[in-house]
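Report on one structure; see the data block that follows.
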Amino acid sequence: MNNLPALAQVREQRDYSQHDFLNRQEELRLVSKRVEQGRSGRAIAQPLMNFWGVPGIGKSWFLRHLQHLYAFQPKPLTSGERPTFTLLFDFRDIADSSTLMTKLTSEMAKQIIAQLGLVLPEDSKNDLERVIALRPKQSAQAISLFTNTINVLSQTFVPILLLDSVELVSEAVRDEVETQIIEPVIWNDRVIIIVAGRRQIPRWKRFEVRRRVADAASTAIEPFDRTTVRTLLGKMGFMGLADEVYGLSYGHPQTTDLLGRTFKQAAERFSVDSAYLINRQRELGDFLRQVEEYVLEGTKEETRTNLELISVLRYFRVDPLRKFMIEFRGEQFDKESDAYYLKDVIGAMETTNLVWWSRQHRAYVISDVVRRIMNRRLALTKPDYYIRLHQKALDMYLRWIAEFPNNASEFIIETIFHSAMLAQITDSGKLGESIAKRLDDATKLSPEDANTLYEQFGTDKELEDLLSPEEHRRLLDEFANIRDHKNQTRQ
């Protein structure tokens, strides 16, 4: 396998294909719900949606699928329904921010004329042609004509504005788009606006915009699950290594697609099976390093090093970060203040758009799919370092089980996680020993914490991936028995 994709190919985005578009049923449902409200003439609830996710996760494909799905169709709808039309603008196409607003309005005006054709009212067509003809210095006039036309058309149609790659524009430019384009057309609840970028927009500035935004937690673009990875590879005509591909890409669409196509090409010359991959672990690790280079493009080496260090933790706060940096990077980090870790270390990580504060964990998290790819690459290219990092994490959580019994259920789950990660490249027999000890720890929990342990373990998809189906089922049953026994004893 001497033809794994180079970095240039990892960065390259394959053109959208309706045939190859997969999954995204929940995201499509969220959009469809709003489209149906608009078609029926009702006010659209939360018409502004911000879909977000790491590079290569499928945001642009999703927007292009929406563009195809809801483009104006010159055919009769159910009586009284309003037809949709779609406008797509990608901020990646803008080199000069000073011309952005006229370029945005001009491009979208052209799309309206091309899409609606003869059904476009003459007055609206005339205004849109004026928008196209105006120069950058006349951007205020272009914006006014464009937004007024959208508002007029929204009385007959359901306009859907799709804005891609919003992370590429500055906060000042984004505020300008919000104030001059989004707010003037969204106030009437007849226009749907969907923006996509590498992370959620933390806070919209304008009140009328802010109160119309869909919950960002529901609009995160997630990686594919194992079943979807199998479906994608099946469309390629290559199913032989579906589980192995998932164990390298963790459902990251772009990585999955590249690996699938590469293995399919190799299979034309060799027998591509598990043994074939075992003999190419270093090369696979180098490929995953290229994926990291792609998602971390422009990140300083210091921040990359810190991300690699802390990537073994599924969530972290300042204290664990400090301990890891002291042990693995040097005693000099013992002298640094909490402010240094929050601003200089974590702050730098947050600029990658891969790290953010999680309200669920009350801690910082790294994007799951990137963290898992980083861990897999570490296991393949730096196994000794990988073992030391996970052993450090395991020892930390074991100590915390004793020191902080009120949070023991949370820590028990993390000890199982780190034991399972270690078992991937060390003596797997130790996993059974570790699990037996964790079951003993679980018997000491309160009834409430025993119930929390059962619920959290049962919904932990990453642990379900790591453990064998038999081991996962057995542990879930054991935690259920402990929970039931605790509740019976309380009664």
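Going through the structure tokens in order, the chains are called A, B, and so on, while each chain numbers its residues from 1 and the ligands are numbered from 1 in the order shown.
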Extract the full set of helix (DSSP H, G or I) residues from segment 335-421 of chain A according to DSSP on the backbone, and format it as a PyMOL selection string. chain A and resi 335+338-350+368-381+383-403+405-421
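Within 7 Å of segment 212-218 of chain A, once only C-alpha atoms are used and residues closer than 3 positions along the same chain are dropped, the contacting residues are Gln46, Pro47, Leu48, Met49, Asn50, Gln200, Glu208 and Val209 of chain A.
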Pull N, CA and C atoms from the residues just selected and write them as an mmCIF file, in the first residue's frame.
data_model
loop_
_atom_site.group_PDB
_atom_site.id
_atom_site.type_symbol
_atom_site.label_atom_id
_atom_site.label_comp_id
_atom_site.auth_asym_id
_atom_site.auth_seq_id
_atom_site.Cartn_x
_atom_site.Cartn_y
_atom_site.Cartn_z
ATOM 1 N N GLN A 46 -37.677 29.559 14.748
ATOM 2 C CA GLN A 46 -36.207 29.488 14.752
ATOM 3 C C GLN A 46 -35.668 29.257 13.332
ATOM 4 N N PRO A 47 -35.868 30.219 12.446
ATOM 5 C CA PRO A 47 -35.494 30.033 11.039
ATOM 6 C C PRO A 47 -33.997 30.170 10.754
ATOM 7 N N LEU A 48 -33.196 30.532 11.774
ATOM 8 C CA LEU A 48 -31.743 30.645 11.587
ATOM 9 C C LEU A 48 -31.062 29.437 12.208
ATOM 10 N N MET A 49 -30.329 28.689 11.378
ATOM 11 C CA MET A 49 -29.667 27.474 11.846
ATOM 12 C C MET A 49 -28.173 27.568 11.557
ATOM 13 N N ASN A 50 -27.376 27.135 12.527
ATOM 14 C CA ASN A 50 -25.923 27.186 12.416
ATOM 15 C C ASN A 50 -25.379 25.758 12.504
ATOM 16 N N GLN A 200 -19.607 26.442 16.213
ATOM 17 C CA GLN A 200 -20.821 27.216 16.360
ATOM 18 C C GLN A 200 -20.483 28.684 16.608
ATOM 19 N N GLU A 208 -33.124 40.570 17.461
ATOM 20 C CA GLU A 208 -34.092 39.934 16.573
ATOM 21 C C GLU A 208 -33.500 38.694 15.882
ATOM 22 N N VAL A 209 -32.189 38.690 15.724
ATOM 23 C CA VAL A 209 -31.520 37.511 15.166
ATOM 24 C C VAL A 209 -31.365 36.446 16.243
#
Got a sec to tell me which of segment 319-441 of chain A DSSP assigns to strand (DSSP E), as a ChimeraX atom specification? /A:355-358,363-366
May I have the residues from that selection written out with C-alpha atoms, as a short mmCIF file (atom, residue, chain, number, x, y, z; two decimals), in the first residue's frame?
data_model
loop_
_atom_site.label_atom_id
_atom_site.label_comp_id
_atom_site.auth_asym_id
_atom_site.auth_seq_id
_atom_site.Cartn_x
_atom_site.Cartn_y
_atom_site.Cartn_z
CA VAL A 355 -11.69 22.64 21.57
CA TRP A 356 -14.57 24.20 23.49
CA TRP A 357 -16.22 24.34 26.89
CA SER A 358 -18.80 21.58 27.40
CA ALA A 363 -14.99 20.96 31.33
CA TYR A 364 -13.16 21.51 28.05
CA VAL A 365 -13.46 18.89 25.33
CA ILE A 366 -11.69 18.16 22.07
#
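Near segment 309-324 of chain A, within 7 Å and counting only C-alpha atoms, sit Thr305, Phe328, Asp338, Tyr341, Ala363, Tyr364, Val365, Arg371, Met374, Asn375, Leu389 and His390 of chain A; same-chain residues fewer than 4 positions away were not included.
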Could you write out the selected residues, including C-alpha atoms, as a short mmCIF file (atom, residue, chain, number, x, y, z; two decimals), in the first residue's frame?
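Output (again-v4.cif):
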data_model
loop_
_atom_site.label_atom_id
_atom_site.label_comp_id
_atom_site.auth_asym_id
_atom_site.auth_seq_id
_atom_site.Cartn_x
_atom_site.Cartn_y
_atom_site.Cartn_z
CA THR A 305 2.01 19.45 21.08
CA PHE A 328 5.45 15.08 30.03
CA ASP A 338 -4.06 29.16 36.28
CA TYR A 341 -3.22 27.67 31.38
CA ALA A 363 -14.99 20.96 31.33
CA TYR A 364 -13.16 21.51 28.05
CA VAL A 365 -13.46 18.89 25.33
CA ARG A 371 -9.46 13.23 19.49
CA MET A 374 -5.18 11.53 17.29
CA ASN A 375 -5.26 8.64 19.76
CA LEU A 389 -0.35 9.00 28.67
CA HIS A 390 -3.25 6.61 29.18
#
Nearest residue to Thr231 of chain A from the set A:Thr459, A:Ser337, A:Thr262, A:Asn23 (distances using only C-alpha atoms): A:Asn23
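Among A:Gly347, A:Ala242, A:Gly80, A:Thr381, the residue with the shortest atom-to-atom distance to Asp286 of chain A, counting only C-alpha atoms, is A:Thr381.
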With 12 Å as the cut-off and only C-alpha atoms counted, what is the closest atom pair between each nearby residue of segment 313-428 of chain A and segment 265-284 of chain A? Distances in Å to one decimal, ordered by chain and number, as a Markdown table.
| residue | atom | partner | partner_atom | distance |
| --- | --- | --- | --- | --- |
| A:Ile373 | CA | A:Leu284 | CA | 11.2 |
| A:Arg376 | CA | A:Leu284 | CA | 9.6 |
| A:Arg377 | CA | A:Leu284 | CA | 7.9 |
| A:Leu378 | CA | A:Arg282 | CA | 10.4 |
| A:Ala379 | CA | A:Gln281 | CA | 9.5 |
| A:Leu380 | CA | A:Gln281 | CA | 5.9 |
| A:Thr381 | CA | A:Arg282 | CA | 6.0 |
| A:Lys382 | CA | A:Arg282 | CA | 9.7 |
| A:Pro383 | CA | A:Arg282 | CA | 10.8 |
Please, what distance in Å, to one decimal, runs between atom CA of Asp243 of chain A and atom CA of Arg230 of chain A? 7.8 Å
So that I can see what lies close to Ile44 of chain A, please list as a ChimeraX atom specification the residues with an atom at most 9 Å from it, counting only C-alpha atoms and leaving out residues fewer than 6 positions away in the same chain. /A:33-38,188-192
Write the residues of the selection above to a file with C-alpha atoms, as a PDB file, in the first residue's frame.
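Below you can see selection_16.pdb, which holds the result:
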ATOM      1  CA  LYS A  33     -39.687  20.950   9.668  1.00  0.00           C
ATOM      2  CA  ARG A  34     -38.985  24.620   8.975  1.00  0.00           C
ATOM      3  CA  VAL A  35     -39.544  24.269   5.243  1.00  0.00           C
ATOM      4  CA  GLU A  36     -42.982  22.762   5.817  1.00  0.00           C
ATOM      5  CA  GLN A  37     -43.898  25.651   8.128  1.00  0.00           C
ATOM      6  CA  GLY A  38     -42.879  28.126   5.428  1.00  0.00           C
ATOM      7  CA  ASN A 188     -40.674  38.343   9.208  1.00  0.00           C
ATOM      8  CA  ASP A 189     -40.182  34.598   9.957  1.00  0.00           C
ATOM      9  CA  ARG A 190     -40.700  33.718   6.296  1.00  0.00           C
ATOM     10  CA  VAL A 191     -37.033  33.198   5.278  1.00  0.00           C
ATOM     11  CA  ILE A 192     -34.788  30.286   6.298  1.00  0.00           C
TER      12      ILE A 192
END
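Atom CA of Gly56 of chain A is positioned 6.4 Å from atom CA of Pro253 of chain A.
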What lies within 12 Å of Ile201 of chain A using only C-alpha atoms, ignoring chain neighbours under 2 positions off, as an NGL selection string? :A and (48-53 or 165-167 or 169-171 or 174-175 or 178 or 195-199 or 203-205 or 210 or 213-217 or 219-220 or 353 or 356)
Deliver the residues from the most recent selection as a file, using C-alpha atoms, as a short mmCIF file (atom, residue, chain, number, x, y, z; two decimals), in the first residue's frame.
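Once written, result18.cif looks like this:
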data_model
loop_
_atom_site.label_atom_id
_atom_site.label_comp_id
_atom_site.auth_asym_id
_atom_site.auth_seq_id
_atom_site.Cartn_x
_atom_site.Cartn_y
_atom_site.Cartn_z
CA LEU A 48 -31.74 30.64 11.59
CA MET A 49 -29.67 27.47 11.85
CA ASN A 50 -25.92 27.19 12.42
CA PHE A 51 -24.60 23.77 11.34
CA TRP A 52 -21.02 23.29 12.50
CA GLY A 53 -18.26 20.69 12.70
CA SER A 165 -17.39 28.57 5.45
CA VAL A 166 -18.34 31.36 7.86
CA GLU A 167 -15.23 30.65 9.93
CA VAL A 169 -14.46 35.75 7.77
CA SER A 170 -13.51 38.00 10.66
CA GLU A 171 -15.90 38.70 13.51
CA ARG A 174 -19.67 38.37 10.28
CA ASP A 175 -21.33 41.12 12.32
CA GLU A 178 -25.69 39.64 10.47
CA VAL A 195 -24.92 29.03 8.03
CA ALA A 196 -22.16 26.44 8.24
CA GLY A 197 -18.69 26.66 9.71
CA ARG A 198 -16.06 24.87 11.74
CA ARG A 199 -17.60 25.80 15.06
CA ARG A 203 -23.30 34.64 20.18
CA TRP A 204 -25.29 36.55 17.61
CA LYS A 205 -25.27 40.27 18.35
CA ARG A 210 -30.56 35.93 18.47
CA VAL A 213 -31.54 30.87 16.33
CA ALA A 214 -32.00 27.11 16.59
CA ASP A 215 -30.26 25.33 19.48
CA ALA A 216 -26.59 24.90 18.48
CA ALA A 217 -26.36 21.55 20.28
CA THR A 219 -27.04 21.45 14.75
CA ALA A 220 -23.59 19.93 15.24
CA ASN A 353 -12.12 25.42 16.54
CA TRP A 356 -14.57 24.20 23.49
#
Choose the residue, out of A:Leu476, A:Leu288, A:Leu445, A:Ile143, that has the smallest atom-to-atom separation from Leu100 of chain A; count only C-alpha atoms. A:Ile143
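With atom CA of Ser97 of chain A on one side and atom CA of Val131 of chain A on the other, the separation reads 18.0 Å.
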Can you pull out the residues contacting segment 222-227 of chain A? Cut-off 6 Å, using only C-alpha atoms, and skip same-chain residues under 2 positions away; I want them as a VMD selection string. chain A and resid 229 to 230 251 to 252
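Residue nearest Ala348 of chain A, chosen from A:Ser98, A:Gln18, A:Thr443, A:Asn306 and counting only C-alpha atoms: A:Asn306.
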Pick out the residues sitting within 10 Å of Asn406 of chain A, and hand them over as a VMD selection string; count only C-alpha atoms, and ignore anything fewer than 5 positions along from it in its own chain. chain A and resid 400 to 401 411 445 to 446 449
